[in-house]
Amino acid sequence: MYFYPRLRDLREDKDKTQKDIAEVLNDSRQHYQLYESGKRQITFDKVIALAKYYDVSIDYIAGLTNDKSKKW
C-alpha cells in the first residue's frame with residue numbers, strides 16, 4: 001500500500017473532481033482514484049505534473065513537509 005496523504009486534500013482545495021485531475025495526468029479516473037486511495041503507486045512524472053499543477057513542492061505532496069513552497 002502506498003500513501004499519498006495530500007492528493008485528495010489538494011484536489012478538494014481546488015474544487016476539482018478525480019476526473020479533472022485524471023485529465024491533467026492524461027490518465028483514467030479509475031487509475032487516479034487508486035492513487036488517492038493508496039492502492040496504486042503513482043509514477044514520479046505524475047507527481048511532478050501534480051506539483052506543477054498545484055504549485056507545491058514534491059515533498060509537500062509526499063507528506064514530508066508542511067511547507068507548500070517550491071524550492072527550485
# chains A, B, ... in the order shown; residues from 1 in each chain; ligands from 1
call {"tool": "residues_around", "arguments": {"residues": "A:Asp27", "least_positions_apart": "5", "cutoff": "12 Å", "atoms": "only C-alpha atoms", "output": "mmCIF file with N, CA, C and O atoms, in the first residue's frame"}}
result
data_model
loop_
_atom_site.group_PDB
_atom_site.id
_atom_site.type_symbol
_atom_site.label_atom_id
_atom_site.label_comp_id
_atom_site.auth_asym_id
_atom_site.auth_seq_id
_atom_site.Cartn_x
_atom_site.Cartn_y
_atom_site.Cartn_z
ATOM 1 N N GLN A 18 -12.017 13.952 -9.314
ATOM 2 C CA GLN A 18 -10.976 12.991 -9.686
ATOM 3 C C GLN A 18 -10.827 12.948 -11.196
ATOM 4 O O GLN A 18 -9.710 12.831 -11.698
ATOM 5 N N LYS A 19 -11.914 13.083 -11.909
ATOM 6 C CA LYS A 19 -11.854 13.077 -13.367
ATOM 7 C C LYS A 19 -11.056 14.273 -13.885
ATOM 8 O O LYS A 19 -10.258 14.134 -14.818
ATOM 9 N N ASP A 20 -11.247 15.435 -13.277
ATOM 10 C CA ASP A 20 -10.498 16.628 -13.680
ATOM 11 C C ASP A 20 -8.993 16.398 -13.554
ATOM 12 O O ASP A 20 -8.222 16.717 -14.461
ATOM 13 N N ILE A 21 -8.573 15.847 -12.426
ATOM 14 C CA ILE A 21 -7.143 15.645 -12.188
ATOM 15 C C ILE A 21 -6.611 14.516 -13.058
ATOM 16 O O ILE A 21 -5.490 14.587 -13.563
ATOM 17 N N ALA A 22 -7.416 13.496 -13.278
ATOM 18 C CA ALA A 22 -7.006 12.408 -14.180
ATOM 19 C C ALA A 22 -6.720 12.959 -15.571
ATOM 20 O O ALA A 22 -5.752 12.539 -16.217
ATOM 21 N N TYR A 32 -6.605 7.263 -11.233
ATOM 22 C CA TYR A 32 -6.358 8.339 -10.274
ATOM 23 C C TYR A 32 -6.960 8.006 -8.908
ATOM 24 O O TYR A 32 -6.354 8.263 -7.876
ATOM 25 N N GLN A 33 -8.140 7.418 -8.902
ATOM 26 C CA GLN A 33 -8.771 7.031 -7.639
ATOM 27 C C GLN A 33 -7.888 6.054 -6.879
ATOM 28 O O GLN A 33 -7.780 6.124 -5.659
ATOM 29 N N LEU A 34 -7.223 5.158 -7.589
ATOM 30 C CA LEU A 34 -6.322 4.203 -6.947
ATOM 31 C C LEU A 34 -5.105 4.909 -6.343
ATOM 32 O O LEU A 34 -4.602 4.503 -5.298
ATOM 33 N N TYR A 35 -4.632 5.986 -6.975
ATOM 34 C CA TYR A 35 -3.532 6.764 -6.404
ATOM 35 C C TYR A 35 -3.965 7.401 -5.089
ATOM 36 O O TYR A 35 -3.255 7.329 -4.088
ATOM 37 N N ILE A 42 1.851 5.970 -7.632
ATOM 38 C CA ILE A 42 1.851 6.982 -8.679
ATOM 39 C C ILE A 42 3.286 7.155 -9.182
ATOM 40 O O ILE A 42 4.230 7.110 -8.406
ATOM 41 N N THR A 43 3.434 7.309 -10.479
ATOM 42 C CA THR A 43 4.779 7.442 -11.040
ATOM 43 C C THR A 43 5.334 8.834 -10.751
ATOM 44 O O THR A 43 4.592 9.797 -10.543
ATOM 45 N N LYS A 46 4.197 11.769 -12.826
ATOM 46 C CA LYS A 46 2.861 12.256 -12.480
ATOM 47 C C LYS A 46 2.901 13.093 -11.210
ATOM 48 O O LYS A 46 2.167 14.083 -11.093
ATOM 49 N N ALA A 49 4.047 16.411 -12.340
ATOM 50 C CA ALA A 49 2.950 17.119 -13.004
ATOM 51 C C ALA A 49 1.969 17.692 -11.979
ATOM 52 O O ALA A 49 1.497 18.827 -12.126
#
call {"tool": "residues_around", "arguments": {"residues": "stretch 50-55 of chain A", "least_positions_apart": "3", "cutoff": "10 Å", "atoms": "only C-alpha atoms", "output": "list in words"}}
result
Leu7, Leu10, Arg11, Asp13, Lys14, Ile21, Val24, Leu25, Phe44, Asp45, Lys46, Val47, Ile58, Asp59, Tyr60, Ile61, Lys68, Ser69 and Lys70 of chain A
call {"tool": "write_last_selection", "arguments": {"atoms": "N, CA, C and O atoms", "output": "mmCIF file, in the first residue's frame"}}
result
data_model
loop_
_atom_site.group_PDB
_atom_site.id
_atom_site.type_symbol
_atom_site.label_atom_id
_atom_site.label_comp_id
_atom_site.auth_asym_id
_atom_site.auth_seq_id
_atom_site.Cartn_x
_atom_site.Cartn_y
_atom_site.Cartn_z
ATOM 1 N N LEU A 7 -2.955 14.148 -1.795
ATOM 2 C CA LEU A 7 -3.594 14.182 -3.115
ATOM 3 C C LEU A 7 -5.058 14.605 -3.042
ATOM 4 O O LEU A 7 -5.496 15.487 -3.782
ATOM 5 N N LEU A 10 -5.372 18.372 -1.767
ATOM 6 C CA LEU A 10 -5.034 19.339 -2.803
ATOM 7 C C LEU A 10 -6.140 19.434 -3.847
ATOM 8 O O LEU A 10 -6.517 20.527 -4.279
ATOM 9 N N ARG A 11 -6.658 18.285 -4.253
ATOM 10 C CA ARG A 11 -7.731 18.265 -5.251
ATOM 11 C C ARG A 11 -8.966 18.983 -4.736
ATOM 12 O O ARG A 11 -9.554 19.823 -5.427
ATOM 13 N N ASP A 13 -9.166 21.204 -2.343
ATOM 14 C CA ASP A 13 -8.889 22.635 -2.160
ATOM 15 C C ASP A 13 -9.100 23.417 -3.459
ATOM 16 O O ASP A 13 -9.452 24.594 -3.433
ATOM 17 N N LYS A 14 -8.868 22.771 -4.582
ATOM 18 C CA LYS A 14 -9.058 23.408 -5.897
ATOM 19 C C LYS A 14 -10.466 23.171 -6.455
ATOM 20 O O LYS A 14 -10.763 23.565 -7.575
ATOM 21 N N ILE A 21 -8.573 15.847 -12.426
ATOM 22 C CA ILE A 21 -7.143 15.645 -12.188
ATOM 23 C C ILE A 21 -6.611 14.516 -13.058
ATOM 24 O O ILE A 21 -5.490 14.587 -13.563
ATOM 25 N N VAL A 24 -5.653 15.975 -16.270
ATOM 26 C CA VAL A 24 -4.375 16.689 -16.172
ATOM 27 C C VAL A 24 -3.218 15.705 -16.332
ATOM 28 O O VAL A 24 -2.208 16.010 -16.964
ATOM 29 N N LEU A 25 -3.389 14.511 -15.759
ATOM 30 C CA LEU A 25 -2.336 13.491 -15.787
ATOM 31 C C LEU A 25 -2.409 12.602 -17.030
ATOM 32 O O LEU A 25 -1.592 11.695 -17.184
ATOM 33 N N PHE A 44 6.647 8.920 -10.764
ATOM 34 C CA PHE A 44 7.317 10.164 -10.425
ATOM 35 C C PHE A 44 6.958 11.280 -11.394
ATOM 36 O O PHE A 44 6.764 12.428 -10.983
ATOM 37 N N ASP A 45 6.837 10.966 -12.655
ATOM 38 C CA ASP A 45 6.483 12.014 -13.623
ATOM 39 C C ASP A 45 5.088 12.579 -13.347
ATOM 40 O O ASP A 45 4.844 13.768 -13.540
ATOM 41 N N LYS A 46 4.197 11.769 -12.826
ATOM 42 C CA LYS A 46 2.861 12.256 -12.480
ATOM 43 C C LYS A 46 2.901 13.093 -11.210
ATOM 44 O O LYS A 46 2.167 14.083 -11.093
ATOM 45 N N VAL A 47 3.766 12.735 -10.278
ATOM 46 C CA VAL A 47 3.938 13.552 -9.074
ATOM 47 C C VAL A 47 4.475 14.928 -9.462
ATOM 48 O O VAL A 47 4.011 15.956 -8.954
ATOM 49 N N ILE A 58 7.202 18.793 -4.297
ATOM 50 C CA ILE A 58 7.027 17.339 -4.302
ATOM 51 C C ILE A 58 7.050 16.815 -2.867
ATOM 52 O O ILE A 58 6.289 15.915 -2.514
ATOM 53 N N ASP A 59 7.896 17.394 -2.031
ATOM 54 C CA ASP A 59 7.947 16.998 -0.619
ATOM 55 C C ASP A 59 6.595 17.213 0.068
ATOM 56 O O ASP A 59 6.190 16.426 0.909
ATOM 57 N N TYR A 60 5.910 18.275 -0.299
ATOM 58 C CA TYR A 60 4.596 18.534 0.282
ATOM 59 C C TYR A 60 3.609 17.442 -0.132
ATOM 60 O O TYR A 60 2.875 16.918 0.696
ATOM 61 N N ILE A 61 3.610 17.088 -1.399
ATOM 62 C CA ILE A 61 2.714 16.025 -1.874
ATOM 63 C C ILE A 61 3.015 14.709 -1.151
ATOM 64 O O ILE A 61 2.103 13.980 -0.770
ATOM 65 N N LYS A 68 4.347 24.294 1.634
ATOM 66 C CA LYS A 68 3.908 24.088 0.248
ATOM 67 C C LYS A 68 4.862 24.681 -0.769
ATOM 68 O O LYS A 68 4.795 24.344 -1.948
ATOM 69 N N SER A 69 5.719 25.591 -0.337
ATOM 70 C CA SER A 69 6.529 26.337 -1.294
ATOM 71 C C SER A 69 7.553 25.447 -2.018
ATOM 72 O O SER A 69 8.086 24.519 -1.447
ATOM 73 N N LYS A 70 7.758 25.801 -3.271
ATOM 74 C CA LYS A 70 8.747 25.094 -4.083
ATOM 75 C C LYS A 70 10.118 25.695 -3.797
ATOM 76 O O LYS A 70 10.236 26.879 -3.557
#
call {"tool": "select_by_dssp", "arguments": {"residues": "chain A", "states": "alpha helix (DSSP H)", "output": "number ranges by chain"}}
result
A: 6-13, 18-24, 29-37, 44-54, 58-62
